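**Q** Below is the file input.tsv, which contains TSV, C-alpha atoms and all ligand atoms.
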chain	number	residue	atom	x	y	z
C	589	MET	CA	-19.14	15.37	9.56
C	590	ALA	CA	-15.71	15.73	8.03
C	591	MET	CA	-13.75	18.81	8.87
C	592	ARG	CA	-13.40	20.87	5.71
C	593	ILE	CA	-10.28	22.82	4.79
C	594	ASP	CA	-10.11	25.04	1.73
C	595	ILE	CA	-6.84	26.42	0.42
C	596	LEU	CA	-6.75	29.44	-1.86
C	597	THR	CA	-3.59	29.38	-3.94
C	598	THR	CA	-2.15	30.13	-7.34
C	599	PHE	CA	-0.50	26.66	-7.19
C	600	PRO	CA	-3.37	24.24	-6.48
C	601	GLU	CA	-1.35	21.38	-8.04
C	602	MET	CA	0.78	21.35	-4.90
C	603	PHE	CA	-2.19	19.93	-2.98
C	604	GLY	CA	-3.12	17.12	-5.39
C	605	VAL	CA	-4.43	14.22	-3.27
C	606	GLU	CA	-3.31	11.75	-5.94
C	607	SER	CA	0.25	13.01	-5.66
C	608	PRO	CA	2.41	10.63	-3.63
C	609	ALA	CA	3.79	13.50	-1.63
C	610	ALA	CA	3.04	15.45	1.52
C	611	LEU	CA	-0.69	15.14	2.23
C	612	GLY	CA	-1.16	12.22	-0.20
C	613	LEU	CA	0.58	9.75	2.14
C	614	SER	CA	0.69	8.71	5.76
C	615	ILE	CA	-1.63	10.01	8.47
C	616	PRO	CA	-3.26	12.94	6.58
C	617	ALA	CA	-4.13	10.63	3.66
C	618	ARG	CA	-5.57	8.07	6.06
C	619	ALA	CA	-7.63	10.69	7.91
C	620	ARG	CA	-8.99	11.78	4.56
C	621	SER	CA	-9.81	8.26	3.37
C	622	ARG	CA	-11.58	7.65	6.70
C	623	GLY	CA	-13.82	10.65	5.99
C	624	LEU	CA	-12.52	12.63	8.98
C	625	ILE	CA	-11.17	15.56	7.00
C	626	GLU	CA	-11.31	16.85	3.46
C	627	TRP	CA	-9.35	19.56	1.72
C	628	HIS	CA	-9.87	21.38	-1.54
C	629	ALA	CA	-7.38	23.64	-3.24
C	630	THR	CA	-8.95	26.45	-5.26
C	631	ASN	CA	-7.04	28.34	-7.90
C	632	LEU	CA	-7.12	32.07	-7.21
C	633	ARG	CA	-6.63	32.69	-10.92
C	634	ALA	CA	-10.15	31.44	-11.57
C	635	PHE	CA	-11.40	34.53	-9.71
C	636	ALA	CA	-9.30	37.14	-11.48
C	637	ASP	CA	-11.74	39.46	-13.24
C	638	ASN	CA	-9.19	40.61	-15.84
C	639	LYS	CA	-8.78	38.88	-19.19
C	640	HIS	CA	-5.22	37.76	-18.47
C	641	ARG	CA	-6.27	36.01	-15.23
C	642	LYS	CA	-3.67	38.06	-13.41
C	643	THR	CA	-3.73	37.79	-9.62
C	644	ASP	CA	-0.75	40.03	-8.89
C	645	ASP	CA	0.54	43.45	-9.87
C	646	ARG	CA	3.50	45.75	-9.27
C	647	PRO	CA	3.78	47.44	-5.87
C	648	PHE	CA	2.76	51.07	-5.48
C	649	GLY	CA	5.83	52.98	-4.42
C	650	GLY	CA	8.05	50.80	-6.56
C	651	GLY	CA	10.48	48.09	-5.60
C	652	PRO	CA	11.01	44.48	-6.53
C	653	GLY	CA	8.47	41.68	-6.60
C	654	MET	CA	4.76	41.52	-7.14
C	655	VAL	CA	1.79	42.02	-4.82
C	656	MET	CA	-1.31	39.84	-4.78
C	657	MET	CA	-4.35	41.91	-5.76
C	658	CYS	CA	-7.36	42.43	-3.48
C	659	GLN	CA	-10.14	41.48	-5.89
C	660	PRO	CA	-9.27	37.83	-6.69
C	661	VAL	CA	-8.60	37.07	-3.03
C	662	TRP	CA	-11.80	38.76	-1.83
C	663	ASP	CA	-14.01	37.10	-4.46
C	664	ALA	CA	-12.42	33.67	-3.93
C	665	VAL	CA	-12.90	33.82	-0.15
C	666	HIS	CA	-16.60	34.61	-0.52
C	667	ALA	CA	-17.23	32.09	-3.30
C	668	VAL	CA	-15.51	29.28	-1.40
C	669	GLU	CA	-17.18	30.18	1.91
C	670	ALA	CA	-20.56	29.88	0.17
C	671	MET	CA	-19.81	26.25	-0.75
C	672	ASP	CA	-20.55	25.11	2.82
C	673	PRO	CA	-22.92	26.59	5.40
C	674	ARG	CA	-20.53	26.14	8.32
C	675	PRO	CA	-18.60	29.28	9.23
C	676	ALA	CA	-14.95	29.13	8.16
C	677	THR	CA	-12.03	30.21	10.29
C	678	ARG	CA	-9.91	32.30	7.93
C	679	VAL	CA	-6.17	31.71	8.17
C	680	LEU	CA	-3.50	33.60	6.25
C	681	MET	CA	-0.09	31.94	6.07
C	682	THR	CA	2.56	34.64	6.51
C	683	PRO	CA	5.94	34.91	8.24
C	684	GLN	CA	4.44	37.94	10.03
C	685	GLY	CA	1.80	35.84	11.77
C	686	VAL	CA	1.59	34.32	15.24
C	687	PRO	CA	3.84	31.27	15.57
C	688	LEU	CA	2.14	27.93	14.90
C	689	THR	CA	2.38	26.02	18.18
C	690	GLN	CA	0.73	22.81	19.35
C	691	PRO	CA	-1.90	24.70	21.45
C	692	LEU	CA	-2.88	26.67	18.33
C	693	VAL	CA	-2.99	23.45	16.27
C	694	GLU	CA	-5.28	21.93	18.94
C	695	ASP	CA	-7.55	24.98	18.72
C	696	LEU	CA	-7.72	24.82	14.91
C	697	ALA	CA	-8.38	21.05	14.95
C	698	ARG	CA	-11.63	21.69	16.88
C	699	ARG	CA	-13.04	24.01	14.21
C	700	PRO	CA	-15.44	22.62	11.61
C	701	ARG	CA	-13.97	24.57	8.72
C	702	LEU	CA	-10.74	26.33	7.85
C	703	LEU	CA	-10.08	28.58	4.87
C	704	ILE	CA	-6.36	28.97	4.32
C	705	ILE	CA	-4.98	31.72	2.11
C	706	ALA	CA	-1.56	30.79	0.79
C	707	GLY	CA	0.10	33.98	-0.32
C	708	HIS	CA	2.88	34.12	-2.85
C	709	TYR	CA	5.04	36.85	-4.34
C	710	GLU	CA	6.13	39.73	-2.12
C	711	GLY	CA	2.86	39.70	-0.23
C	712	ILE	CA	-0.82	40.48	-0.40
C	713	ASP	CA	-2.37	43.93	-0.71
C	714	GLU	CA	-2.82	45.04	2.90
C	715	ARG	CA	-6.38	46.26	2.28
C	716	VAL	CA	-7.80	42.80	1.59
C	717	ILE	CA	-6.06	41.42	4.67
C	718	GLU	CA	-7.69	44.19	6.71
C	719	ALA	CA	-11.10	43.58	5.14
C	720	LEU	CA	-11.00	39.79	5.68
C	721	SER	CA	-9.26	39.95	9.09
C	722	PRO	CA	-7.90	36.40	8.97
C	723	MET	CA	-5.87	34.82	11.73
C	724	GLU	CA	-2.29	35.33	10.51
C	725	VAL	CA	-0.08	32.30	11.17
C	726	SER	CA	3.66	31.74	10.70
C	727	LEU	CA	5.78	28.59	10.89
C	728	GLY	CA	8.81	30.36	12.26
C	729	ASP	CA	11.41	33.01	11.64
C	730	TYR	CA	12.52	32.17	8.13
C	731	VAL	CA	11.06	32.82	4.70
C	732	LEU	CA	9.39	30.30	2.41
C	733	SER	CA	8.70	31.03	-1.26
C	734	GLY	CA	4.99	30.81	-0.68
C	735	GLY	CA	2.35	29.90	1.86
C	736	GLU	CA	1.58	26.53	0.25
C	737	LEU	CA	4.17	24.46	2.09
C	738	ALA	CA	3.25	26.25	5.30
C	739	ALA	CA	-0.43	25.41	4.70
C	740	MET	CA	0.48	21.75	4.21
C	741	VAL	CA	2.37	21.76	7.49
C	742	LEU	CA	-0.67	23.22	9.24
C	743	ILE	CA	-3.05	20.70	7.62
C	744	ASP	CA	-0.79	17.77	8.56
C	745	ALA	CA	-0.54	18.93	12.18
C	746	VAL	CA	-4.33	19.42	12.38
C	747	ALA	CA	-5.28	16.17	10.59
C	748	ARG	CA	-3.41	13.94	13.04
C	749	LEU	CA	-5.33	15.43	15.97
C	750	ILE	CA	-8.78	14.62	14.61
C	751	PRO	CA	-10.19	11.71	16.65
C	752	GLY	CA	-9.75	8.50	14.65
C	753	ALA	CA	-6.88	9.76	12.49
C	754	LEU	CA	-4.19	7.89	14.35
C	755	GLY	CA	-3.94	4.10	14.51
C	756	ASP	CA	-4.25	2.13	17.74
C	757	ASP	CA	-0.49	2.03	18.19
C	758	GLU	CA	-0.15	5.76	17.64
C	759	SER	CA	-1.09	8.40	20.13
C	760	ALA	CA	-0.96	12.16	19.90
C	761	GLY	CA	-0.84	12.29	23.69
C	762	ASN	CA	2.77	11.03	23.69
C	763	ASP	CA	4.11	13.52	21.19
C	764	SER	CA	6.48	16.34	21.89
C	765	PHE	CA	4.56	19.47	22.96
C	766	SER	CA	1.42	17.58	23.99
C	767	ALA	CA	0.34	18.45	27.51
C	768	VAL	CA	1.45	15.94	30.18
C	769	GLY	CA	1.34	15.62	33.92
C	770	PRO	CA	-0.87	17.33	36.46
C	771	GLY	CA	0.46	20.77	35.53
C	772	GLY	CA	-0.19	20.19	31.82
C	773	GLU	CA	3.45	20.88	30.98
C	774	ARG	CA	4.38	20.74	27.31
C	775	LEU	CA	7.63	18.85	27.01
C	776	LEU	CA	9.86	17.35	24.35
C	777	ASP	CA	9.42	13.62	23.82
C	778	CYS	CA	11.64	11.03	25.52
C	779	PRO	CA	14.21	8.89	23.66
C	780	HIS	CA	13.00	5.65	22.08
C	781	PHE	CA	14.69	2.26	21.60
C	782	THR	CA	13.87	-0.97	19.78
C	783	ARG	CA	15.59	-4.29	19.01
C	784	PRO	CA	18.36	-5.37	19.12
C	785	LYS	CA	19.21	-4.93	22.81
C	786	ASP	CA	22.84	-4.49	21.83
C	787	TRP	CA	23.76	-2.50	18.73
C	788	MET	CA	27.46	-1.94	17.99
C	789	GLY	CA	28.20	-2.22	21.69
C	790	ARG	CA	25.48	0.23	22.66
C	791	GLY	CA	22.87	-1.02	25.11
C	792	VAL	CA	19.38	0.08	26.07
C	793	PRO	CA	18.46	1.72	29.40
C	794	GLU	CA	17.90	-1.16	31.85
C	795	VAL	CA	14.54	0.17	33.10
C	796	LEU	CA	12.99	-0.30	29.63
C	797	LEU	CA	13.72	-4.04	29.84
C	798	SER	CA	12.35	-4.38	33.40
C	799	GLY	CA	8.70	-4.89	32.51
C	800	ASP	CA	7.76	-2.49	35.33
C	801	HIS	CA	5.29	-0.15	33.60
C	802	ALA	CA	5.14	2.38	36.43
C	803	LYS	CA	8.92	2.61	36.55
C	804	VAL	CA	9.07	2.98	32.76
C	805	ALA	CA	6.49	5.78	32.85
C	806	ALA	CA	8.40	7.61	35.60
C	807	TRP	CA	11.69	7.24	33.70
C	808	ARG	CA	10.14	8.57	30.50
C	809	LEU	CA	8.67	11.61	32.23
C	810	GLU	CA	12.05	12.37	33.82
C	811	GLN	CA	13.75	12.05	30.41
C	812	MET	CA	11.20	14.42	28.91
C	813	ARG	CA	11.88	16.98	31.63
C	814	ALA	CA	15.66	16.61	31.36
C	815	ARG	CA	15.58	16.94	27.56
C	816	THR	CA	13.35	19.97	27.71
C	817	ARG	CA	15.59	21.59	30.35
C	818	SER	CA	18.72	21.08	28.27
C	819	ARG	CA	17.36	21.64	24.75
C	820	ARG	CA	14.39	23.96	25.13
C	821	PRO	CA	14.40	25.69	28.51
C	822	ASP	CA	12.12	28.34	26.96
C	823	LEU	CA	9.27	25.78	27.07
C	824	LEU	CA	9.51	25.56	30.87
C	825	GLY	CA	9.04	29.26	31.44
C	826	PRO	CA	11.06	31.46	33.76
C	827	THR	CA	12.91	29.51	36.48
C	828	PRO	CA	11.67	30.53	39.93
Z	1	LIG	CL1	3.32	30.88	6.98
Z	1	LIG	N1	4.68	31.69	4.87
Z	1	LIG	C1	5.81	32.00	4.24
Z	1	LIG	N2	5.76	32.42	2.97
Z	1	LIG	N3	7.00	31.95	4.81
Z	1	LIG	C2	7.03	31.53	6.06
Z	1	LIG	C3	5.90	31.17	6.78
Z	1	LIG	C4	4.71	31.27	6.15
Z	1	LIG	N4	6.25	30.80	8.02
Z	1	LIG	C5	7.56	30.92	8.06
Z	1	LIG	N5	8.04	31.36	6.90
For the file at hand, write its structure as structure tokens.
Ligand code: 6GU
**A**
Amino acid sequence: MAMRIDILTTFPEMFGVESPAALGLSIPARARSRGLIEWHATNLRAFADNKHRKTDDRPFGGGPGMVMMCQPVWDAVHAVEAMDPRPATRVLMTPQGVPLTQPLVEDLARRPRLLIIAGHYEGIDERVIEALSPMEVSLGDYVLSGGELAAMVLIDAVARLIPGALGDDESAGNDSFSAVGPGGERLLDCPHFTRPKDWMGRGVPEVLLSGDHAKVAAWRLEQMRARTRSRRPDLLGPTP
């Protein structure tokens, strides 16, 4: 059965599957057309119980910006959850969340259903966050205008891990941050080369032309370790 992802947003147009952008192309689109994953964007406005379909209001205490109201979010979560009997993992996209890392993506990709809340404006009323207790997830230490792009990033990262999403010549096991080696280290990827053998006087590492698969594999692993040491020593943990 296809994994189901729902997105609650005031900008559902951003998730249009017909749109030749983001999730409408490449691996996520293919995973969807293969019936491995489906996603549905639901407009939070449809759940606003006021006549102006307002989903936000001014912050108590004053200050700039608007705050997303509890009621539309609460009602939308319960209405959308009722559309499928499988329990949904609730995810709120927020720069205050836990960082999205490949181990977390792997965890989320194993769940049958995700319900992503894409906040906008200054934030969401804290009481509905408390009441729903979603997993709060961030892309990193910078601010986006809304959770929609962040949700698309999460969906893309999840979709490519669903068995069958990648083609025969693609493999998630070779990506940066995928676990390799006996210790399950998570390393940056190695450098890649293709034809021609000489480009503007620049050659290709000899071992890649040797045809010795074991030697190539050993070289690649060493490159991954060297790159990770120089670019992202934080991934290797404290040096003993
Ligand atoms: Cl998940 N949302 C928003 N609005 N900004 C972000 C983010 C998420 N992650 C990093 N910046």
**Q** Could you tell me, counting all atoms listed in the file, which protein and nucleic acid residues lie no more than 9 Å from ligand LIG 1 (chain Z), written as a VMD selection string?
**A** chain C and resid 680 to 685 687 to 688 706 to 711 724 to 739 742
**Q** Excluding Ile615 of chain C and residues on its chain fewer than 4 positions from it, collect all residues at most 8 Å away from it, counting only C-alpha atoms, and give them as a ChimeraX atom specification.
**A** /C:619,744,747-748,753-754
**Q** Using the selection just defined, write its residues with C-alpha atoms as a PDB file, in the frame of the given file.
**A**
ATOM      1  CA  ALA C 619      -7.630  10.690   7.910  1.00  0.00           C
ATOM      2  CA  ASP C 744      -0.790  17.770   8.560  1.00  0.00           C
ATOM      3  CA  ALA C 747      -5.280  16.170  10.590  1.00  0.00           C
ATOM      4  CA  ARG C 748      -3.410  13.940  13.040  1.00  0.00           C
ATOM      5  CA  ALA C 753      -6.880   9.760  12.490  1.00  0.00           C
ATOM      6  CA  LEU C 754      -4.190   7.890  14.350  1.00  0.00           C
TER       7      LEU C 754
END
**Q** Between atom CA of Leu596 of chain C and atom CA of Gly650 of chain C, what distance in Å does the model show, to one decimal?
**A**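 Going from atom CA of Leu596 of chain C over to atom CA of Gly650 of chain C covers 26.4 Å.
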**Q** So, counting all atoms listed in the file, which residue among C:Asp663, C:Arg618, C:Gly612, C:Arg701 is closest to Gly755 of chain C?
**A**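 Of C:Asp663, C:Arg618, C:Gly612, C:Arg701, the one nearest Gly755 of chain C is C:Arg618, counting all atoms listed in the file.
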**Q** Please determine, counting all atoms listed in the file, which residue among C:Ala629, C:Arg592, C:Val804, C:Arg790 has the shortest atom-to-atom distance to Pro673 of chain C.
**A**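 Using all atoms listed in the file, Pro673 of chain C sits closest to C:Arg592.
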**Q** For a quick check of understanding, using all atoms listed in the file, which of C:Thr630, C:Ser798, C:Thr782, C:Gln659 has the smallest distance to Arg715 of chain C?
**A**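 Among the listed residues, C:Gln659 lies closest to Arg715 of chain C.
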**Q** Figure out the distance between atom CA of Asp645 of chain C and atom CA of Asp594 of chain C, please, to one decimal in Å.
**A**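 Between atom CA of Asp594 of chain C and atom CA of Asp645 of chain C the gap works out to 24.2 Å.
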**Q** Find the distance between atom CA of Glu810 of chain C and atom CA of Leu749 of chain C and write it in Å to one decimal.
**A**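 One can read the atom CA of Glu810 of chain C to atom CA of Leu749 of chain C distance as 25.1 Å.
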**Q** Could you check which of C:Pro793, C:Gly604, C:Pro821, C:Pro660 is closest to Leu775 of chain C, using only C-alpha atoms?
**A**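 Of the candidates, the smallest distance to Leu775 of chain C is held by C:Pro821.
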**Q** Pick from C:Ile743, C:Ile717, C:Val668, C:Ala697: nearest to Trp627 of chain C, with all atoms listed in the file counted?
**A**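 Among C:Ile743, C:Ile717, C:Val668, C:Ala697, it is C:Ile743 that comes nearest to Trp627 of chain C.
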**Q** Contacts of Cys778 of chain C at 8 Å or less, counting all atoms listed in the file, minus same-chain residues fewer than 4 places along, as a PDB file with C-alpha atoms, in the coordinates of the input?
**A**
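Once written, out.pdb looks like this:
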ATOM      1  CA  ARG C 808      10.140   8.570  30.500  1.00  0.00           C
ATOM      2  CA  LEU C 809       8.670  11.610  32.230  1.00  0.00           C
ATOM      3  CA  GLN C 811      13.750  12.050  30.410  1.00  0.00           C
ATOM      4  CA  MET C 812      11.200  14.420  28.910  1.00  0.00           C
ATOM      5  CA  ARG C 815      15.580  16.940  27.560  1.00  0.00           C
TER       6      ARG C 815
END
**Q** Within 12 Å of Arg820 of chain C, counting only C-alpha atoms, which residues qualify if same-chain residues fewer than 3 places away don't, as a ChimeraX atom specification?
**A** /C:764-765,774-777,812-817,823-826
**Q** Calculated over only C-alpha atoms, which of the candidates C:Met602, C:Ile750, C:Pro722, C:Cys658 has the smallest distance to Glu626 of chain C?
**A** C:Ile750
